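S.K.: The following block contains the structure, expressed as structure tokens.
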Amino acid sequence: MLGIQLFNEIGSIFRNTPTFALVLETLLLITVIWLLLHRRGGRRLSKEQQDYLVEQYEPEPLVAETDPDHPLLRTRLVQSRVGKRIVVDGHDCLNLGSHNYLGFLEDNDILEEACKCLRKYGVGSCGPRGFYGTMDVHLDLEDRLAKFMNLEEAIVYSYGFSTVASAIPAYAKRGDIIFVDEAVNFAIQKGMDASRSSIVYFKHNDAKDLERLLLEQEKRDLKNPKKAQKTRRFLVVEGIYMNTGELCPLPELVELRKKYKLRLFLDESVSFGTLGRTGRGLTEHFDVCRDEIDLISACMEGAMATIGGFCVGSHFIAEHQRLSGLGYIFSASLPPMLTQAAISSLDRFEREPHIFEQLQQKSRQVHNQFEQFSKLKLGGDALSPVKHLYLTEERDSFEAESKLLTQVADQCIERGVAVVPAAYLQSREHRPIRPSLRIAVNRLLADADISTAFEIIESVSSSVL
């Protein structure tokens with residue numbers, strides 16, 4: 001009786017199981033049996049043969065051979081507080097290397113407020129924002145940033161690089177398409193890699209090339225409308241490009257966003273606190289409504305002279321990242337004293353809006369002066385506080401140009417002007433980047449400082465080149 005019942009149950013299982021599943025399971029069973037038989041019938045090595053193979057085995061190194069003269073491995077020792085002047089390797093220098101655009105690194109009021117916060121909260125939180133890492137200063141800073149940018153909500157990250165690198169994959173996923181300027185910084189590139197989306201690069205600051213690519217995508221969408229309905233399209237750009245110092249043509253991109261229904265992400269890491277009448281960045285500079293931008297991100301390691309970064313936009317944009325932004329979820333929160341430094345910087349933004357005009361004037365002044373180098377060519381916008389100096393005469397290779405520029409930087413430091421070659425992970429960048437000396441303008445530079453810097457760089461470059 002029991003046997004009949006079991007037979008009926010097995011028959012019921014076979015009747016209710018799809019044919020393809022039965023075929024698949026049969027094939028898997030045959031494969032397992034074959035592997036077991038094949039393994040038993042294999043030739044076993046003798047003890048001497050095993051010992052010989054172990055002796056001959058040479059594992060691959062964990063790290064490939066590295067050039068000991070690689071520029072990223074060269075350490076310049078800073079022996080003073082960082083400000084308009086800096087002591088590097090024992091040389092007192094005018095500082096044109098630190099991204100201290102507004103000079104807040106040497107602001108005593110900001111320093112005192114940060115010290116008060118240090119005495120109240122200690123050095124750090126030792127926990128992510130979701131696990132005992134959120135303090136009242138973090139919420140105050142997010143509220144202040146949202147109000148300053150006239151948007152609904154902001155979210156603060158503890159590291160500038162991870163801000164945009166976390167924000168992009170929080171929204172863009174596999175199957176989506178990201179249209180992106182070919183000159184974007186490395187953090188944006190890593191964010192796109194993490195998103196696993198299809199990446200389409202357009203020529204640097206070329207809105208016509210972008211529209212050409214959008215039209216090509218539109219034609220592909222017409223051939224497969226079902227897929228097109230599920231595919232989201234993003235546009236990612238920088239306000240001022242760190243790698244070129246040039247301004248993004250935002251008004252043209254906003255028009256394309258409307259026309260082709262794109263989600264626009266704008267990274268204002270350089271332009272926030274440097275452009276616009278009140279320092280609100282590229283949107284203020286071009287008088288573009290910030291509601292046209294889906295997400296604005298920026299690091300606070302430039303104009304605000306602290307650490308970390310933020311994203312600002314609608315309530316949904318911020319709240320979604322609290323659940324999906326990996327740099328927010330898994331990183332310890334921004335140390336309270338550095339959070340307070342950011343709040344104090346915002347106080348200065350609102351209390352002294354004339355500082356932005358001062359910085360823009362210094363940027364123009366440096367630009368006009370540095371255009372006159374005989375052996376170096378200036379790159380970047382006149383308003384940008386980040387500028388690049390390239391060799392006027394191109395050399396045969398990246399290494400040759402990089403070596404010459406490093407010699408120029410070393411001799412400039414010895415003569416009292418701190419400049420640095422722009423550092424890149426050349427093998428991992430989307431496109432080869434030409435070596436340059438990156439210049440960071442400081443609002444506190446005097447006319448004599450700019451003239452002295454020009455004379456020393458001109459003298460050294462003429463000698464080396």
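We name chains A, B, ... following the order of the structure tokens; residues begin at 1 in each chain, and ligands are numbered from 1 as shown.
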List the neighbours of Val184 (chain A) out to 10 Å using only C-alpha atoms; skip same-chain residues closer than 3 positions along the sequence, and give me the result as number ranges by chain.
M.R.: A: 180-181, 187-189, 201, 204, 236-238, 240-244, 267, 429-430
S.K.: Keeping only N, CA and C atoms, take the residues you just selected and write them out as a tab-separated table (two decimals), in the first residue's frame.
M.R.:
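Heads up, here's the output in selection.tsv:
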```tsv
chain	number	residue	atom	x	y	z
A	180	VAL	N	28.43	61.37	-20.98
A	180	VAL	CA	29.35	62.06	-20.08
A	180	VAL	C	30.48	62.72	-20.88
A	181	ASP	N	30.90	63.89	-20.41
A	181	ASP	CA	32.01	64.60	-21.03
A	181	ASP	C	33.29	63.77	-20.87
A	187	ALA	N	36.95	60.60	-10.01
A	187	ALA	CA	35.87	60.18	-9.12
A	187	ALA	C	34.59	59.88	-9.91
A	188	ILE	N	34.29	60.72	-10.90
A	188	ILE	CA	33.12	60.48	-11.74
A	188	ILE	C	33.30	59.20	-12.54
A	189	GLN	N	34.49	58.98	-13.06
A	189	GLN	CA	34.76	57.76	-13.82
A	189	GLN	C	34.53	56.51	-12.97
A	201	TYR	N	30.75	58.62	-24.16
A	201	TYR	CA	31.53	59.85	-23.97
A	201	TYR	C	31.34	60.79	-25.16
A	204	HIS	N	34.91	66.97	-25.30
A	204	HIS	CA	34.95	67.91	-24.18
A	204	HIS	C	34.26	69.23	-24.52
A	236	VAL	N	26.12	63.54	-17.28
A	236	VAL	CA	26.99	63.86	-16.16
A	236	VAL	C	28.10	64.81	-16.64
A	237	VAL	N	28.22	65.95	-15.96
A	237	VAL	CA	29.24	66.96	-16.32
A	237	VAL	C	29.78	67.60	-15.05
A	238	GLU	N	30.86	68.38	-15.21
A	238	GLU	CA	31.42	69.16	-14.11
A	238	GLU	C	31.16	70.65	-14.36
A	240	ILE	N	33.24	73.29	-13.28
A	240	ILE	CA	34.58	73.61	-13.78
A	240	ILE	C	35.35	72.30	-13.78
A	241	TYR	N	35.90	71.94	-14.90
A	241	TYR	CA	36.59	70.65	-15.01
A	241	TYR	C	37.95	70.71	-14.34
A	242	MET	N	38.14	69.81	-13.37
A	242	MET	CA	39.42	69.75	-12.66
A	242	MET	C	40.57	69.46	-13.61
A	243	ASN	N	40.33	68.66	-14.64
A	243	ASN	CA	41.40	68.23	-15.54
A	243	ASN	C	41.74	69.25	-16.61
A	244	THR	N	40.89	70.26	-16.80
A	244	THR	CA	41.16	71.26	-17.84
A	244	THR	C	41.02	72.70	-17.35
A	267	ASP	N	28.53	68.13	-11.18
A	267	ASP	CA	29.52	68.12	-10.11
A	267	ASP	C	30.17	69.49	-10.02
A	429	GLU	N	42.81	56.08	-16.52
A	429	GLU	CA	41.96	57.16	-17.00
A	429	GLU	C	41.25	56.73	-18.28
A	430	HIS	N	40.08	57.30	-18.51
A	430	HIS	CA	39.33	56.96	-19.72
A	430	HIS	C	40.11	57.31	-20.97
```
S.K.: Find the residues of region 102-169 of chain A that sit at most 8 Å from region 321-332 of chain A; for each, write down the nearest two atoms and how far apart they are in Å, to one decimal. Count only C-alpha atoms. Sort by chain, then by number going up, and give it as CSV.
M.R.:
```
residue,atom,partner,partner_atom,distance
A:Ser125,CA,A:Ala332,CA,6.8
A:Cys126,CA,A:Ala332,CA,5.7
A:Gly127,CA,A:Ala332,CA,4.6
A:Pro128,CA,A:Ala332,CA,4.1
A:Arg129,CA,A:Ile329,CA,6.8
A:Gly130,CA,A:Ile329,CA,6.8
A:Gly133,CA,A:Ala332,CA,6.7
A:Ile155,CA,A:Arg322,CA,7.8
A:Val156,CA,A:Tyr328,CA,7.8
A:Tyr157,CA,A:Tyr328,CA,5.6
A:Ser158,CA,A:Ala332,CA,7.1
A:Tyr159,CA,A:Gly327,CA,7.9
A:Ser162,CA,A:Gly327,CA,5.5
A:Thr163,CA,A:Gly327,CA,6.7
A:Ser166,CA,A:Gly325,CA,5.1
A:Ala167,CA,A:Gly325,CA,5.9
A:Pro169,CA,A:Gly325,CA,7.7
```
S.K.: Next, the residues of the selection above should be written as a compact mmCIF listing (two decimals), in the first residue's frame with all heavy atoms.
M.R.:
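File out.txt, as written:
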```txt
# COMPACT_ATOMS: atom_id res chain seq x y z
N SER A 125 33.49 60.33 15.10
CA SER A 125 32.28 59.63 15.54
C SER A 125 32.50 58.12 15.65
O SER A 125 31.80 57.44 16.40
CB SER A 125 31.14 59.89 14.56
OG SER A 125 31.47 59.35 13.29
N CYS A 126 33.44 57.58 14.86
CA CYS A 126 33.70 56.13 14.82
C CYS A 126 32.47 55.32 14.45
O CYS A 126 32.29 54.19 14.90
CB CYS A 126 34.28 55.64 16.15
SG CYS A 126 35.88 56.34 16.53
N GLY A 127 31.61 55.89 13.65
CA GLY A 127 30.42 55.16 13.21
C GLY A 127 29.78 55.82 12.01
O GLY A 127 29.83 57.05 11.87
N PRO A 128 29.17 55.02 11.11
CA PRO A 128 28.44 55.60 9.97
C PRO A 128 27.23 56.40 10.45
O PRO A 128 26.78 56.28 11.59
CB PRO A 128 28.02 54.37 9.16
CG PRO A 128 28.88 53.26 9.66
CD PRO A 128 29.17 53.56 11.09
N ARG A 129 26.67 57.17 9.52
CA ARG A 129 25.55 58.04 9.87
C ARG A 129 24.36 57.24 10.40
O ARG A 129 23.62 57.71 11.27
CB ARG A 129 25.13 58.86 8.65
CG ARG A 129 26.13 59.94 8.25
CD ARG A 129 26.12 61.10 9.23
NE ARG A 129 24.81 61.70 9.32
CZ ARG A 129 24.36 62.66 8.51
NH1 ARG A 129 25.13 63.12 7.53
NH2 ARG A 129 23.16 63.16 8.67
N GLY A 130 24.17 56.03 9.90
CA GLY A 130 23.02 55.23 10.33
C GLY A 130 23.24 54.47 11.63
O GLY A 130 22.31 53.88 12.16
N GLY A 133 26.46 57.59 14.23
CA GLY A 133 27.42 58.54 13.67
C GLY A 133 26.82 59.89 13.36
O GLY A 133 27.53 60.80 12.93
N ILE A 155 22.57 66.06 1.49
CA ILE A 155 23.15 64.92 2.19
C ILE A 155 24.67 65.09 2.19
O ILE A 155 25.26 65.44 1.17
CB ILE A 155 22.74 63.59 1.53
CG1 ILE A 155 23.39 62.40 2.25
CG2 ILE A 155 23.06 63.57 0.05
CD1 ILE A 155 22.88 61.05 1.78
N VAL A 156 25.30 64.87 3.34
CA VAL A 156 26.73 65.13 3.51
C VAL A 156 27.49 63.81 3.57
O VAL A 156 27.10 62.88 4.29
CB VAL A 156 27.00 65.96 4.78
CG1 VAL A 156 28.49 66.00 5.11
CG2 VAL A 156 26.46 67.38 4.61
N TYR A 157 28.56 63.72 2.81
CA TYR A 157 29.47 62.58 2.83
C TYR A 157 30.75 62.95 3.57
O TYR A 157 31.10 64.13 3.68
CB TYR A 157 29.83 62.15 1.40
CG TYR A 157 28.74 61.44 0.65
CD1 TYR A 157 27.66 62.14 0.09
CD2 TYR A 157 28.76 60.06 0.48
CE1 TYR A 157 26.66 61.49 -0.61
CE2 TYR A 157 27.76 59.39 -0.22
CZ TYR A 157 26.72 60.12 -0.76
OH TYR A 157 25.72 59.46 -1.45
N SER A 158 31.47 61.92 4.03
CA SER A 158 32.66 62.19 4.83
C SER A 158 33.93 62.29 4.00
O SER A 158 34.99 62.57 4.54
CB SER A 158 32.83 61.09 5.89
OG SER A 158 32.79 59.80 5.31
N TYR A 159 33.83 62.07 2.69
CA TYR A 159 35.02 62.13 1.84
C TYR A 159 34.60 62.66 0.49
O TYR A 159 33.62 62.19 -0.10
CB TYR A 159 35.64 60.73 1.72
CG TYR A 159 36.93 60.65 0.94
CD1 TYR A 159 37.91 61.64 1.03
CD2 TYR A 159 37.19 59.57 0.09
CE1 TYR A 159 39.08 61.56 0.32
CE2 TYR A 159 38.37 59.48 -0.63
CZ TYR A 159 39.32 60.48 -0.51
OH TYR A 159 40.48 60.40 -1.22
N SER A 162 34.35 60.16 -2.60
CA SER A 162 33.27 59.18 -2.55
C SER A 162 31.90 59.80 -2.77
O SER A 162 30.92 59.08 -2.98
CB SER A 162 33.28 58.44 -1.21
OG SER A 162 32.94 59.32 -0.15
N THR A 163 31.80 61.12 -2.77
CA THR A 163 30.49 61.76 -2.91
C THR A 163 29.88 61.46 -4.27
O THR A 163 28.85 60.80 -4.39
CB THR A 163 30.61 63.27 -2.69
OG1 THR A 163 31.18 63.53 -1.41
CG2 THR A 163 29.24 63.94 -2.79
N SER A 166 29.69 57.75 -5.25
CA SER A 166 28.58 57.00 -4.66
C SER A 166 27.24 57.44 -5.22
O SER A 166 26.32 56.64 -5.35
CB SER A 166 28.57 57.19 -3.14
OG SER A 166 29.74 56.67 -2.55
N ALA A 167 27.12 58.72 -5.53
CA ALA A 167 25.83 59.25 -5.99
C ALA A 167 25.43 58.67 -7.34
O ALA A 167 24.26 58.34 -7.56
CB ALA A 167 25.89 60.78 -6.06
N PRO A 169 26.19 55.66 -8.95
CA PRO A 169 25.61 54.29 -8.95
C PRO A 169 24.41 54.14 -8.04
O PRO A 169 23.74 53.10 -8.08
CB PRO A 169 26.79 53.43 -8.45
CG PRO A 169 27.66 54.35 -7.68
CD PRO A 169 27.53 55.68 -8.36
```
S.K.: So, counting only C-alpha atoms, which residue among A:Pro249, A:Arg277, A:Ile343, A:Pro18 is closest to Asp136 (chain A)?
M.R.: A:Ile343
S.K.: Residues of region 130-280 of chain A classed as helix (DSSP H, G or I) by DSSP on the backbone are to be reported as an MDAnalysis selection string.
M.R.: chainID A and resid 130:133 136:148 160:171 186:195 207:223 225:230 250:260
S.K.: Using C-alpha atoms, can you export the residues from the last selection as a short mmCIF file (atom, residue, chain, number, x, y, z; two decimals), in the first residue's frame?
M.R.:
```cif
data_model
loop_
_atom_site.label_atom_id
_atom_site.label_comp_id
_atom_site.auth_asym_id
_atom_site.auth_seq_id
_atom_site.Cartn_x
_atom_site.Cartn_y
_atom_site.Cartn_z
CA GLY A 130 23.02 55.23 10.33
CA PHE A 131 24.79 53.74 13.38
CA TYR A 132 25.43 56.36 16.08
CA GLY A 133 27.42 58.54 13.67
CA ASP A 136 23.49 67.66 15.51
CA VAL A 137 26.24 69.44 13.54
CA HIS A 138 25.72 67.03 10.63
CA LEU A 139 22.01 67.83 10.50
CA ASP A 140 22.74 71.55 10.85
CA LEU A 141 25.18 71.45 7.94
CA GLU A 142 22.74 69.58 5.68
CA ASP A 143 19.99 72.05 6.54
CA ARG A 144 22.30 75.03 5.88
CA LEU A 145 23.50 73.66 2.53
CA ALA A 146 19.94 73.04 1.33
CA LYS A 147 18.88 76.56 2.30
CA PHE A 148 22.01 78.12 0.79
CA GLY A 160 34.95 64.29 -1.26
CA PHE A 161 35.97 61.58 -3.74
CA SER A 162 33.27 59.18 -2.55
CA THR A 163 30.49 61.76 -2.91
CA VAL A 164 29.95 61.71 -6.67
CA ALA A 165 31.44 58.19 -6.92
CA SER A 166 28.58 57.00 -4.66
CA ALA A 167 25.83 59.25 -5.99
CA ILE A 168 26.04 58.06 -9.61
CA PRO A 169 25.61 54.29 -8.95
CA ALA A 170 22.87 55.06 -6.43
CA TYR A 171 20.65 55.96 -9.41
CA PHE A 186 38.54 60.27 -11.86
CA ALA A 187 35.87 60.18 -9.12
CA ILE A 188 33.12 60.48 -11.74
CA GLN A 189 34.76 57.76 -13.82
CA LYS A 190 34.79 55.40 -10.83
CA GLY A 191 31.14 56.18 -10.12
CA MET A 192 30.21 55.24 -13.67
CA ASP A 193 32.20 52.01 -13.45
CA ALA A 194 30.31 51.09 -10.28
CA SER A 195 26.95 51.79 -11.95
CA ALA A 207 27.23 70.26 -27.07
CA LYS A 208 26.92 69.54 -30.81
CA ASP A 209 28.77 66.25 -30.45
CA LEU A 210 26.52 65.37 -27.51
CA GLU A 211 23.40 66.04 -29.59
CA ARG A 212 24.81 63.89 -32.40
CA LEU A 213 25.14 60.99 -29.97
CA LEU A 214 21.66 61.61 -28.57
CA LEU A 215 20.18 61.50 -32.08
CA GLU A 216 21.95 58.20 -32.75
CA GLN A 217 20.51 56.80 -29.53
CA GLU A 218 17.07 58.08 -30.49
CA LYS A 219 17.25 56.10 -33.75
CA ARG A 220 18.23 52.94 -31.86
CA ASP A 221 15.32 53.48 -29.49
CA LEU A 222 12.87 53.57 -32.42
CA LYS A 223 14.05 50.11 -33.47
CA PRO A 225 10.72 50.74 -28.30
CA LYS A 226 10.12 48.20 -25.49
CA LYS A 227 13.74 48.40 -24.38
CA ALA A 228 13.74 52.18 -24.78
CA GLN A 229 10.83 52.51 -22.33
CA LYS A 230 12.89 50.79 -19.62
CA LEU A 250 25.48 74.58 -18.89
CA PRO A 251 22.70 76.54 -20.70
CA GLU A 252 23.17 74.45 -23.87
CA LEU A 253 23.18 71.21 -21.88
CA VAL A 254 19.99 72.16 -20.04
CA GLU A 255 18.24 72.65 -23.40
CA LEU A 256 19.40 69.21 -24.52
CA ARG A 257 18.23 67.75 -21.21
CA LYS A 258 14.72 69.06 -21.86
CA LYS A 259 14.68 68.00 -25.50
CA TYR A 260 15.90 64.43 -24.97
#
```
